[in-house]
Every structure is written in structure tokens, then in C-alpha cells.
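Reviewing the structure listed below.
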Amino acid sequence: MKNVDLVIIGGGPAGLAAAVAARKGGVQDILILERDSELGGILNQCIHNGFGLHTFKEELTGPEYAARFIEQVEALGIAYKLNTMVLDLAADKTVTAMNKTDGLFQLHPKAVILAMGCRERPRGALNIPGYRPAGIFTAGTAQRLVNMEGYLPGRRVVILGSGDIGLIMARRMTLEGAKVLCVAELMPYSGGLKRNIVQCLDDFGIPLRLSHTVVDIQGKERVTGITLARVENGKPIPGTEEHYDCDTLLLSCGLLPENELSRAAGVALSPVTGGPAVNESLETNLPGVFAAGNVLHVHDLVDYVSEEAAAAGAHAADFIRSGEQPGGAVLPVRCENGVRYTVPTTIRPGCAGDTVTLRFRVGNVYKNKKIAVYRGDACIYSRKRPVLAPGEMETVRLKAELLQGPGEAVTVTLEEG
């Protein structure tokens with residue numbers, strides 16, 4: 001098999017945007033490897049609108065958004081292989097994959113972009129007591145069943161977890177004729193976007209039960225009901241149990257970056273996000289291996305996935321053209337006072353170009369705070385925010401020249417507004 005300069009693992013929104021940017025950056029030999037039967041990734045089952053407002057300045061459905069990038073990939077003549085499973089990524093960037101047409105094959109690219117996306121946290125990770133009856137689905141599985149396969153998973157539904165997919169499926173199940181009894185959330189705040197709480201729950205009269213979780217599932221063959229209880233300090237409070245008669249439980253309890261390949265290759269992973277630790281070029285600790293999108297950290301808007309992946313594609317093109325970047329100072333990026341993590345985790349001022357984009361999430365709901373960024377003891381950026389919530393990713397764009405001053409680290413923190 002002909003070797004290529006750049007292999008992109010994953011043909012979803014991140015992989016497509018990275019491929020387009022890399023081709024525009026001058027890389028001719030690009031190959032996208034996608035395990036599904038078509039390009040587009042998770043967007044193919046996201047038939048609701050709300051995509052593309054930042055990227056295309058218009059409101060699109062998920063398949064329409066994916067189609068825009070697929071058209072660009074086709075127009076640029078970028079090669080891709082569908083129904084192809086990547087089995088291994090080695091530290092020297094050797095990619096081992098297989099499909100029915102080519103069998104088992106290896107590629108030795110100059111650079112690799114990780115764009116495998118994320119997966120849902122399953123029931124086994126939640127420690128919910130009760131039997132294992134039919135009628136328990138992750139929200140994403142239910143979304144695929146309804147939107148792509150044409151099946152309605154149930155008629156009376158309880159949703160555990162208020163992530164965006166769970167909120168969207170509360171609306172979708174209602175529109176399909178099911179009765180969504182409530183959405184329960186373990187934390188005292190929602191894990192989804194405010195607009196989804198309004199459009200998917202409030203507009204349909206679906207209650208959101210914060211600080212509640214499922215403590216029991218009834219039914220042996222099929223779910224017949226569940227029991228909710230109020231939670232305090234992470235533990236159910238005896239005497240607060242409430243029973244719901246239902247035939248379906250949907251789980252929307254968080255997303256996990258898909259990083260088995262990364263871990264096996266020796267990519268250093270963040271203990272907070274579960275995704276790779278990257279520098280300002282979105283490059284991992286393995287030279288020439290880049291990461292973008294939900295495999296790096298979970299995004300709330302696909303527009304940000306595309307923007308980040310385009311940056312990874314451009315940096316990969318630079319790497320292929322010029323090899324490893326020059327040395328110089330490497331600044332760790334630290335989190336303080338409510339900031340859970342940042343992407344990137346290190347910055348090389350000498351490789352930063354004109355601007356550096358920092359993305360992060362907070363660990364709680366904060367009001368009337370100020371986002372502040374320090375280089376050493378000097379504040380180089382600040383912005384007031386009336387509300388910060390874990391469900392919404394924050395973005396800070398720094399002029400690279402601000403990173404040239406004294407100090408051994410960059411700190412992202414929250415201060416009183």
C-alpha cells in the first residue's frame with residue numbers, strides 16, 4: 001500500500017476539518033481512516049438544528065453540517081477509507097489497520113492526527129443497584145435508534161444525567177410520542193447548555209430534578225420502574241425516595257474521550273479530561289502526533305471542534321513541512337480557583353505564532369467572576385463573566401507577544417469580578 005504523509009484517525013467533524021486544513025496547508029498525501037460505513041461521525045444521528053452558527057453563520061442540522069465538510073474533502077480530493085478499524089498506533093507513528101478490501105495493513109506517516117471522538121459512560125460505570133433488564137440505554141444509543149434506525153425505545157421514560165445529549169433526547173422522545181417523566185441530575189447544576197435546558201425541557205414542561213440520582217431499578221425482563229432519591233455530599237438521603245413507573249431509562253452521565261489507541265502508543269493523558277495533554281500546537285508528547293475534538297476534551301459545540309481541528313491540521317502541515325519545532329522555553333499552564341483544566345497544558349512561546357487559544361471548563365457554577373490569565377505574577381488577560389458553568393466551555397485567545405515576559409508558568413484562574 002502506498003504510504004502517506006498524514007494519517008487522520010476518525011472521519012467525524014474533527015477529522016474532516018483537520019484534513020481540509022492540512023490540505024490547504026500544503027499536504028498532498030492525506031488519508032482519513034473511518035471505522036463507520038460513512039463519513040460524518042456522530043453528526044449523522046444529530047438531526048436537530050443548532051449547528052454551524054459560528055462556522056457557517058447559519059443554522060444547520062448535524063447531517064447538513066457534516067455534509068459541508070464532506071463536500072470540501074471530496075472537492076479537494078482527500079482520500080479516505082471507510083469500514084476501516086485502526087488496531088494500533090505505535091510511538092514511531094506506525095498505524096496498523098484493517099478492512100475487508102485491504103486486509104491488514106500498516107502505514108508509516110510523517111504525522112498523525114487523533115480524531116476518534118468520545119464515547120458515553122455506560123451503566124457499569126455508574127454503580128446503580130438493581131437488575132439488568134431491557135429498557136436501559138445510553139442517550140446516544142437511543143438517539144441512533146430513533147433518528148437512524150426508526151425505532152422508539154420506550155413510551156414512559158426517565159433520563160438520568162443532564163448532559164446535552166440527554167436534554168436533546170428528552171425533547172426528541174417527547175416529539176415521537178413518548179412521555180418523559182423527568183430528567184434527574186446528580187449534581188446541583190445541569191451538565192448541559194442553558195439553551196438546551198430551555199428549549200428541550202422548559203418548553204415541553206419536563207421537570208429537571210437537580211441533586212437527584214437513581215437508587216434502584218425495578219423489573220427483571222423489562223424496566224417497570226425506577227426510584228429516585230435526593231443526594232447530599234454524593235450520597236442518597238434516606239427517606240427522600242420517589243418511585244416512577246416507566247419502561248425506559250436513558251443514561252446521559254458524561255462522555256469519555258476515546259483514547260485506547262493513544263494510551264497504547266504512549267501518549268500522555270490528562271487525568272482530568274481523559275484526553276491527551278497537548279501543547280499550543282495541539283501536539284502530544286509524541287512528536288508529530290496531534291489531537292483535536294472530543295478525543296482531546298469534550299466540547300459543547302461542534303463549531304469549536306471544527307475550529308480546533310483546523311488548527312491541528314495546520315500545525316500538522318507545518319510539522320510535515322519543517323519537522324520538529326525549535327526548542328526554547330516551555331511554559332506549563334496551571335489551573336486555580338475553580339478552573340478544572342486547560343487545553344493546552346503547555347505553551348512554547350517561540351512556536352505560538354500570533355495567538356494562543358486556551359479552552360477550559362470550571363468545576364462549579366460561579367457568578368460575577370473574572371477570568372484572569374497570568375504570566376508569572378503579571379496579569380496578561382482578564383474578562384468579566386456574569387455566569388460560568390461546567391456545562392459551557394470557555395475560550396480565551398491570547399496574543400503570543402504577551403507570553404514573552406518573565407515568569408515560569410501561565411496560570412488561568414477565577415477572581416472576584
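By order of appearance in the C-alpha cells: chains A, B, ..., then residues from 1 within every chain, and ligands from 1 in the order shown.
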Check which residues of region 199-294 of chain A sit at most 10 Å from region 17-29 of chain A using only C-alpha atoms, and return one row each with the closest pair of atoms and their distance in Å to one decimal, ordered by chain and rising number, as a Markdown table.
```
| residue | atom | partner | partner_atom | distance |
| --- | --- | --- | --- | --- |
| A:Ala291 | CA | A:Ala18 | CA | 9.7 |
| A:Ala292 | CA | A:Ala18 | CA | 8.2 |
| A:Gly293 | CA | A:Ala18 | CA | 9.7 |
```
Can you spit out the residues from that selection as a PDB file, in the first residue's frame, using N, CA and C atoms?
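Final output, saved to part_33.pdb:
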```pdb
ATOM      1  N   ALA A 291      -3.787  15.991  18.312  1.00  0.00           N
ATOM      2  CA  ALA A 291      -5.127  15.573  18.734  1.00  0.00           C
ATOM      3  C   ALA A 291      -6.063  16.767  18.698  1.00  0.00           C
ATOM      4  N   ALA A 292      -7.328  16.508  18.368  1.00  0.00           N
ATOM      5  CA  ALA A 292      -8.315  17.587  18.310  1.00  0.00           C
ATOM      6  C   ALA A 292      -9.716  17.019  18.445  1.00  0.00           C
ATOM      7  N   GLY A 293     -10.627  17.872  18.887  1.00  0.00           N
ATOM      8  CA  GLY A 293     -12.027  17.472  19.019  1.00  0.00           C
ATOM      9  C   GLY A 293     -12.282  16.759  20.326  1.00  0.00           C
TER      10      GLY A 293
END
```
Would you mind writing down, as a PDB file with N, CA, C and O atoms, in the first residue's frame, each residue of region 3-75 of chain A that DSSP on the backbone assigns to helix (DSSP H, G or I)?
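Result file follows (part33.pdb):
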```
ATOM      1  N   PRO A  13     -16.488  15.134  12.565  1.00  0.00           N
ATOM      2  CA  PRO A  13     -16.266  16.571  12.344  1.00  0.00           C
ATOM      3  C   PRO A  13     -14.827  17.006  12.568  1.00  0.00           C
ATOM      4  O   PRO A  13     -14.313  17.853  11.835  1.00  0.00           O
ATOM      5  N   ALA A  14     -14.139  16.428  13.561  1.00  0.00           N
ATOM      6  CA  ALA A  14     -12.741  16.808  13.807  1.00  0.00           C
ATOM      7  C   ALA A  14     -11.839  16.318  12.682  1.00  0.00           C
ATOM      8  O   ALA A  14     -11.020  17.075  12.144  1.00  0.00           O
ATOM      9  N   GLY A  15     -11.974  15.060  12.305  1.00  0.00           N
ATOM     10  CA  GLY A  15     -11.125  14.521  11.256  1.00  0.00           C
ATOM     11  C   GLY A  15     -11.314  15.217   9.928  1.00  0.00           C
ATOM     12  O   GLY A  15     -10.345  15.486   9.200  1.00  0.00           O
ATOM     13  N   LEU A  16     -12.560  15.547   9.591  1.00  0.00           N
ATOM     14  CA  LEU A  16     -12.835  16.222   8.323  1.00  0.00           C
ATOM     15  C   LEU A  16     -12.230  17.619   8.295  1.00  0.00           C
ATOM     16  O   LEU A  16     -11.583  18.008   7.315  1.00  0.00           O
ATOM     17  N   ALA A  17     -12.428  18.389   9.370  1.00  0.00           N
ATOM     18  CA  ALA A  17     -11.894  19.753   9.416  1.00  0.00           C
ATOM     19  C   ALA A  17     -10.374  19.743   9.405  1.00  0.00           C
ATOM     20  O   ALA A  17      -9.732  20.584   8.760  1.00  0.00           O
ATOM     21  N   ALA A  18      -9.771  18.785  10.116  1.00  0.00           N
ATOM     22  CA  ALA A  18      -8.310  18.684  10.139  1.00  0.00           C
ATOM     23  C   ALA A  18      -7.770  18.364   8.752  1.00  0.00           C
ATOM     24  O   ALA A  18      -6.753  18.915   8.320  1.00  0.00           O
ATOM     25  N   ALA A  19      -8.447  17.464   8.035  1.00  0.00           N
ATOM     26  CA  ALA A  19      -7.996  17.082   6.698  1.00  0.00           C
ATOM     27  C   ALA A  19      -8.045  18.264   5.735  1.00  0.00           C
ATOM     28  O   ALA A  19      -7.107  18.497   4.961  1.00  0.00           O
ATOM     29  N   VAL A  20      -9.135  19.018   5.781  1.00  0.00           N
ATOM     30  CA  VAL A  20      -9.279  20.180   4.898  1.00  0.00           C
ATOM     31  C   VAL A  20      -8.188  21.203   5.184  1.00  0.00           C
ATOM     32  O   VAL A  20      -7.548  21.733   4.264  1.00  0.00           O
ATOM     33  N   ALA A  21      -7.948  21.481   6.468  1.00  0.00           N
ATOM     34  CA  ALA A  21      -6.927  22.469   6.828  1.00  0.00           C
ATOM     35  C   ALA A  21      -5.529  21.997   6.438  1.00  0.00           C
ATOM     36  O   ALA A  21      -4.702  22.786   5.966  1.00  0.00           O
ATOM     37  N   ALA A  22      -5.246  20.705   6.626  1.00  0.00           N
ATOM     38  CA  ALA A  22      -3.926  20.184   6.264  1.00  0.00           C
ATOM     39  C   ALA A  22      -3.702  20.270   4.757  1.00  0.00           C
ATOM     40  O   ALA A  22      -2.604  20.624   4.304  1.00  0.00           O
ATOM     41  N   ARG A  23      -4.734  19.949   3.966  1.00  0.00           N
ATOM     42  CA  ARG A  23      -4.587  20.052   2.520  1.00  0.00           C
ATOM     43  C   ARG A  23      -4.344  21.507   2.113  1.00  0.00           C
ATOM     44  O   ARG A  23      -3.473  21.804   1.279  1.00  0.00           O
ATOM     45  N   LYS A  24      -5.087  22.440   2.720  1.00  0.00           N
ATOM     46  CA  LYS A  24      -4.881  23.854   2.415  1.00  0.00           C
ATOM     47  C   LYS A  24      -3.509  24.325   2.898  1.00  0.00           C
ATOM     48  O   LYS A  24      -2.978  25.311   2.389  1.00  0.00           O
ATOM     49  N   GLY A  41     -19.316  10.912  11.289  1.00  0.00           N
ATOM     50  CA  GLY A  41     -19.286  10.609  12.710  1.00  0.00           C
ATOM     51  C   GLY A  41     -20.635  10.749  13.383  1.00  0.00           C
ATOM     52  O   GLY A  41     -21.690  10.458  12.811  1.00  0.00           O
ATOM     53  N   ILE A  42     -20.619  11.233  14.605  1.00  0.00           N
ATOM     54  CA  ILE A  42     -21.825  11.339  15.427  1.00  0.00           C
ATOM     55  C   ILE A  42     -22.834  12.309  14.838  1.00  0.00           C
ATOM     56  O   ILE A  42     -24.031  12.236  15.137  1.00  0.00           O
ATOM     57  N   LEU A  43     -22.372  13.229  13.979  1.00  0.00           N
ATOM     58  CA  LEU A  43     -23.293  14.215  13.409  1.00  0.00           C
ATOM     59  C   LEU A  43     -24.404  13.568  12.600  1.00  0.00           C
ATOM     60  O   LEU A  43     -25.485  14.145  12.461  1.00  0.00           O
ATOM     61  N   ASN A  44     -24.173  12.393  12.065  1.00  0.00           N
ATOM     62  CA  ASN A  44     -25.176  11.747  11.221  1.00  0.00           C
ATOM     63  C   ASN A  44     -26.449  11.409  11.988  1.00  0.00           C
ATOM     64  O   ASN A  44     -27.520  11.286  11.378  1.00  0.00           O
ATOM     65  N   GLN A  45     -26.360  11.243  13.302  1.00  0.00           N
ATOM     66  CA  GLN A  45     -27.564  10.937  14.074  1.00  0.00           C
ATOM     67  C   GLN A  45     -28.108  12.159  14.811  1.00  0.00           C
ATOM     68  O   GLN A  45     -29.129  12.061  15.480  1.00  0.00           O
ATOM     69  N   GLY A  62     -27.202  18.411  12.139  1.00  0.00           N
ATOM     70  CA  GLY A  62     -25.924  17.705  12.177  1.00  0.00           C
ATOM     71  C   GLY A  62     -25.509  17.130  10.832  1.00  0.00           C
ATOM     72  O   GLY A  62     -24.380  17.352  10.378  1.00  0.00           O
ATOM     73  N   PRO A  63     -26.406  16.384  10.137  1.00  0.00           N
ATOM     74  CA  PRO A  63     -26.020  15.854   8.817  1.00  0.00           C
ATOM     75  C   PRO A  63     -25.700  16.954   7.806  1.00  0.00           C
ATOM     76  O   PRO A  63     -24.804  16.772   6.966  1.00  0.00           O
ATOM     77  N   GLU A  64     -26.405  18.074   7.865  1.00  0.00           N
ATOM     78  CA  GLU A  64     -26.104  19.182   6.947  1.00  0.00           C
ATOM     79  C   GLU A  64     -24.725  19.770   7.236  1.00  0.00           C
ATOM     80  O   GLU A  64     -23.967  20.087   6.312  1.00  0.00           O
ATOM     81  N   TYR A  65     -24.409  19.898   8.516  1.00  0.00           N
ATOM     82  CA  TYR A  65     -23.091  20.420   8.898  1.00  0.00           C
ATOM     83  C   TYR A  65     -21.992  19.481   8.410  1.00  0.00           C
ATOM     84  O   TYR A  65     -21.000  19.914   7.815  1.00  0.00           O
ATOM     85  N   ALA A  66     -22.169  18.175   8.643  1.00  0.00           N
ATOM     86  CA  ALA A  66     -21.177  17.204   8.192  1.00  0.00           C
ATOM     87  C   ALA A  66     -21.036  17.240   6.677  1.00  0.00           C
ATOM     88  O   ALA A  66     -19.921  17.151   6.137  1.00  0.00           O
ATOM     89  N   ALA A  67     -22.164  17.393   5.978  1.00  0.00           N
ATOM     90  CA  ALA A  67     -22.134  17.392   4.514  1.00  0.00           C
ATOM     91  C   ALA A  67     -21.285  18.537   3.958  1.00  0.00           C
ATOM     92  O   ALA A  67     -20.620  18.371   2.925  1.00  0.00           O
ATOM     93  N   ARG A  68     -21.288  19.668   4.644  1.00  0.00           N
ATOM     94  CA  ARG A  68     -20.471  20.805   4.183  1.00  0.00           C
ATOM     95  C   ARG A  68     -18.988  20.416   4.157  1.00  0.00           C
ATOM     96  O   ARG A  68     -18.260  20.741   3.206  1.00  0.00           O
ATOM     97  N   PHE A  69     -18.544  19.732   5.200  1.00  0.00           N
ATOM     98  CA  PHE A  69     -17.132  19.340   5.261  1.00  0.00           C
ATOM     99  C   PHE A  69     -16.839  18.144   4.350  1.00  0.00           C
ATOM    100  O   PHE A  69     -15.756  18.055   3.767  1.00  0.00           O
ATOM    101  N   ILE A  70     -17.787  17.231   4.238  1.00  0.00           N
ATOM    102  CA  ILE A  70     -17.584  16.104   3.324  1.00  0.00           C
ATOM    103  C   ILE A  70     -17.436  16.609   1.898  1.00  0.00           C
ATOM    104  O   ILE A  70     -16.591  16.122   1.129  1.00  0.00           O
ATOM    105  N   GLU A  71     -18.230  17.598   1.523  1.00  0.00           N
ATOM    106  CA  GLU A  71     -18.117  18.196   0.184  1.00  0.00           C
ATOM    107  C   GLU A  71     -16.733  18.805  -0.027  1.00  0.00           C
ATOM    108  O   GLU A  71     -16.148  18.684  -1.113  1.00  0.00           O
ATOM    109  N   GLN A  72     -16.188  19.456   1.012  1.00  0.00           N
ATOM    110  CA  GLN A  72     -14.847  20.029   0.891  1.00  0.00           C
ATOM    111  C   GLN A  72     -13.789  18.935   0.737  1.00  0.00           C
ATOM    112  O   GLN A  72     -12.858  19.072  -0.066  1.00  0.00           O
ATOM    113  N   VAL A  73     -13.935  17.862   1.505  1.00  0.00           N
ATOM    114  CA  VAL A  73     -12.992  16.744   1.405  1.00  0.00           C
ATOM    115  C   VAL A  73     -13.027  16.154  -0.005  1.00  0.00           C
ATOM    116  O   VAL A  73     -11.986  15.877  -0.619  1.00  0.00           O
ATOM    117  N   GLU A  74     -14.233  15.960  -0.532  1.00  0.00           N
ATOM    118  CA  GLU A  74     -14.365  15.412  -1.887  1.00  0.00           C
ATOM    119  C   GLU A  74     -13.782  16.361  -2.920  1.00  0.00           C
ATOM    120  O   GLU A  74     -13.065  15.947  -3.840  1.00  0.00           O
ATOM    121  N   ALA A  75     -14.088  17.665  -2.776  1.00  0.00           N
ATOM    122  CA  ALA A  75     -13.618  18.647  -3.751  1.00  0.00           C
ATOM    123  C   ALA A  75     -12.096  18.749  -3.761  1.00  0.00           C
ATOM    124  O   ALA A  75     -11.493  18.995  -4.816  1.00  0.00           O
TER     125      ALA A  75
END
```
From the list A:Tyr374, A:Phe319, A:Phe360, A:Tyr381, the nearest residue to Asp5 (chain A) using only C-alpha atoms is A:Phe319
As a VMD selection string, please: the residues near region 214-223 of chain A (cut-off 7 Å, only C-alpha atoms, same-chain neighbours under 6 positions excluded). chain A and resid 128 to 135 229 246 to 248
Keeping only C-alpha atoms, write those residues as a PDB file, in the first residue's frame.
```pdb
ATOM      1  CA  ILE A 128     -26.715   1.792  40.028  1.00  0.00           C
ATOM      2  CA  PRO A 129     -28.244  -1.069  42.049  1.00  0.00           C
ATOM      3  CA  GLY A 130     -30.975  -3.284  40.614  1.00  0.00           C
ATOM      4  CA  TYR A 131     -31.413  -5.923  37.933  1.00  0.00           C
ATOM      5  CA  ARG A 132     -30.187  -5.699  34.343  1.00  0.00           C
ATOM      6  CA  PRO A 133     -33.489  -5.623  32.450  1.00  0.00           C
ATOM      7  CA  ALA A 134     -34.158  -4.477  28.907  1.00  0.00           C
ATOM      8  CA  GLY A 135     -35.052  -0.815  28.540  1.00  0.00           C
ATOM      9  CA  ALA A 229     -33.570   9.886  45.796  1.00  0.00           C
ATOM     10  CA  CYS A 246     -41.549   3.727  33.476  1.00  0.00           C
ATOM     11  CA  ASP A 247     -40.387   1.265  30.827  1.00  0.00           C
ATOM     12  CA  THR A 248     -37.196   3.039  29.775  1.00  0.00           C
TER      13      THR A 248
END
```
**Request:** Would you list the contacts of Asn196 (chain A) as a PyMOL selection string, taking every protein, DNA or RNA residue within 8 Å and counting only C-alpha atoms, but skipping same-chain residues closer than 5 positions in sequence?
**Result:** chain A and resi 164+167-168+201
Based on the selection just made, write all heavy atoms of those residues as an mmCIF file, in the first residue's frame.
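Saved the output as out32.cif:
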```cif
data_model
loop_
_atom_site.group_PDB
_atom_site.id
_atom_site.type_symbol
_atom_site.label_atom_id
_atom_site.label_comp_id
_atom_site.auth_asym_id
_atom_site.auth_seq_id
_atom_site.Cartn_x
_atom_site.Cartn_y
_atom_site.Cartn_z
ATOM 1 N N ASP A 164 -25.897 17.331 27.390
ATOM 2 C CA ASP A 164 -26.632 17.856 26.233
ATOM 3 C C ASP A 164 -27.370 16.773 25.458
ATOM 4 O O ASP A 164 -28.492 16.997 24.988
ATOM 5 C CB ASP A 164 -25.675 18.619 25.307
ATOM 6 C CG ASP A 164 -25.238 19.953 25.898
ATOM 7 O OD1 ASP A 164 -26.107 20.702 26.353
ATOM 8 O OD2 ASP A 164 -24.022 20.228 25.922
ATOM 9 N N LEU A 167 -30.562 15.976 27.338
ATOM 10 C CA LEU A 167 -31.562 17.039 27.197
ATOM 11 C C LEU A 167 -32.203 16.996 25.816
ATOM 12 O O LEU A 167 -33.429 17.115 25.679
ATOM 13 C CB LEU A 167 -30.895 18.404 27.422
ATOM 14 C CG LEU A 167 -30.265 18.632 28.804
ATOM 15 C CD1 LEU A 167 -29.555 19.977 28.843
ATOM 16 C CD2 LEU A 167 -31.323 18.568 29.900
ATOM 17 N N ILE A 168 -31.384 16.816 24.794
ATOM 18 C CA ILE A 168 -31.907 16.772 23.422
ATOM 19 C C ILE A 168 -32.816 15.557 23.232
ATOM 20 O O ILE A 168 -33.849 15.634 22.561
ATOM 21 C CB ILE A 168 -30.738 16.775 22.424
ATOM 22 C CG1 ILE A 168 -30.085 18.164 22.403
ATOM 23 C CG2 ILE A 168 -31.191 16.368 21.027
ATOM 24 C CD1 ILE A 168 -28.735 18.210 21.736
ATOM 25 N N LEU A 201 -36.319 21.144 27.762
ATOM 26 C CA LEU A 201 -37.064 20.796 28.975
ATOM 27 C C LEU A 201 -38.162 21.809 29.280
ATOM 28 O O LEU A 201 -39.342 21.463 29.327
ATOM 29 C CB LEU A 201 -36.112 20.684 30.173
ATOM 30 C CG LEU A 201 -34.999 19.632 30.097
ATOM 31 C CD1 LEU A 201 -34.282 19.531 31.440
ATOM 32 C CD2 LEU A 201 -35.534 18.279 29.674
#
```
According to DSSP computed on the backbone, where in region 272-374 of chain A is there strand (DSSP E or B)? Give the residues as number ranges by chain.
A: 276, 283, 289-291, 331-335, 339-343, 346-347, 355-362, 366-374
task = Compile the contact shell of region 139-155 of chain A as JSON, numbers by chain: residues with an atom at most 8 Å away, counting only C-alpha atoms, same-chain residues fewer than 3 positions apart removed.
result = {"A": [45, 46, 47, 120, 135, 165, 166, 169, 173, 176, 177, 178, 179, 246, 247, 248, 250, 251, 252]}
Kindly export the residues of the current selection with N, CA, C and O atoms, as a compact mmCIF listing (two decimals), in the first residue's frame.
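Result went into result_17.txt, see below:
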```
# COMPACT_ATOMS: atom_id res chain seq x y z
N GLN A 45 -26.36 11.24 13.30
CA GLN A 45 -27.56 10.94 14.07
C GLN A 45 -28.11 12.16 14.81
O GLN A 45 -29.13 12.06 15.48
N CYS A 46 -27.46 13.31 14.65
CA CYS A 46 -27.90 14.53 15.33
C CYS A 46 -28.75 15.36 14.37
O CYS A 46 -28.28 16.35 13.79
N ILE A 47 -30.02 14.96 14.21
CA ILE A 47 -30.84 15.59 13.18
C ILE A 47 -31.47 16.91 13.63
O ILE A 47 -32.15 17.56 12.85
N GLU A 120 -19.91 7.30 25.39
CA GLU A 120 -20.71 7.59 26.59
C GLU A 120 -20.30 6.70 27.76
O GLU A 120 -19.85 5.56 27.57
N GLY A 135 -34.46 -2.15 28.37
CA GLY A 135 -35.05 -0.81 28.54
C GLY A 135 -34.08 0.21 29.09
O GLY A 135 -34.47 1.35 29.33
N ILE A 165 -26.77 15.59 25.31
CA ILE A 165 -27.46 14.53 24.57
C ILE A 165 -28.73 14.10 25.31
O ILE A 165 -29.78 13.89 24.69
N GLY A 166 -28.66 14.02 26.64
CA GLY A 166 -29.84 13.66 27.41
C GLY A 166 -30.93 14.70 27.29
O GLY A 166 -32.12 14.36 27.15
N MET A 169 -32.46 14.43 23.85
CA MET A 169 -33.30 13.24 23.72
C MET A 169 -34.59 13.35 24.52
O MET A 169 -35.60 12.71 24.18
N MET A 173 -37.71 12.36 22.30
CA MET A 173 -38.65 11.31 22.71
C MET A 173 -40.05 11.87 22.87
O MET A 173 -41.04 11.21 22.52
N GLU A 176 -41.68 12.28 19.56
CA GLU A 176 -42.03 11.00 18.96
C GLU A 176 -43.21 10.33 19.67
O GLU A 176 -43.60 9.23 19.30
N GLY A 177 -43.75 10.98 20.70
CA GLY A 177 -44.93 10.46 21.36
C GLY A 177 -44.70 9.81 22.71
O GLY A 177 -45.66 9.36 23.35
N ALA A 178 -43.47 9.73 23.15
CA ALA A 178 -43.19 9.16 24.47
C ALA A 178 -43.46 10.20 25.55
O ALA A 178 -43.50 11.41 25.29
N LYS A 179 -43.63 9.74 26.77
CA LYS A 179 -43.80 10.62 27.93
C LYS A 179 -42.51 10.61 28.74
O LYS A 179 -42.12 9.57 29.30
N CYS A 246 -42.08 3.44 34.81
CA CYS A 246 -41.55 3.73 33.48
C CYS A 246 -41.08 2.43 32.84
O CYS A 246 -40.93 1.41 33.51
N ASP A 247 -40.90 2.45 31.52
CA ASP A 247 -40.39 1.26 30.83
C ASP A 247 -39.01 1.49 30.22
O ASP A 247 -38.44 0.59 29.62
N THR A 248 -38.48 2.70 30.40
CA THR A 248 -37.20 3.04 29.77
C THR A 248 -36.40 3.98 30.67
O THR A 248 -36.95 4.93 31.22
N LEU A 250 -32.91 6.24 30.24
CA LEU A 250 -31.82 6.72 29.39
C LEU A 250 -30.72 7.31 30.26
O LEU A 250 -31.01 8.06 31.19
N LEU A 251 -29.48 6.99 29.95
CA LEU A 251 -28.34 7.45 30.73
C LEU A 251 -27.56 8.50 29.93
O LEU A 251 -27.11 8.23 28.81
N SER A 252 -27.44 9.67 30.51
CA SER A 252 -26.65 10.75 29.90
C SER A 252 -25.70 11.29 30.96
O SER A 252 -25.83 12.42 31.43
```
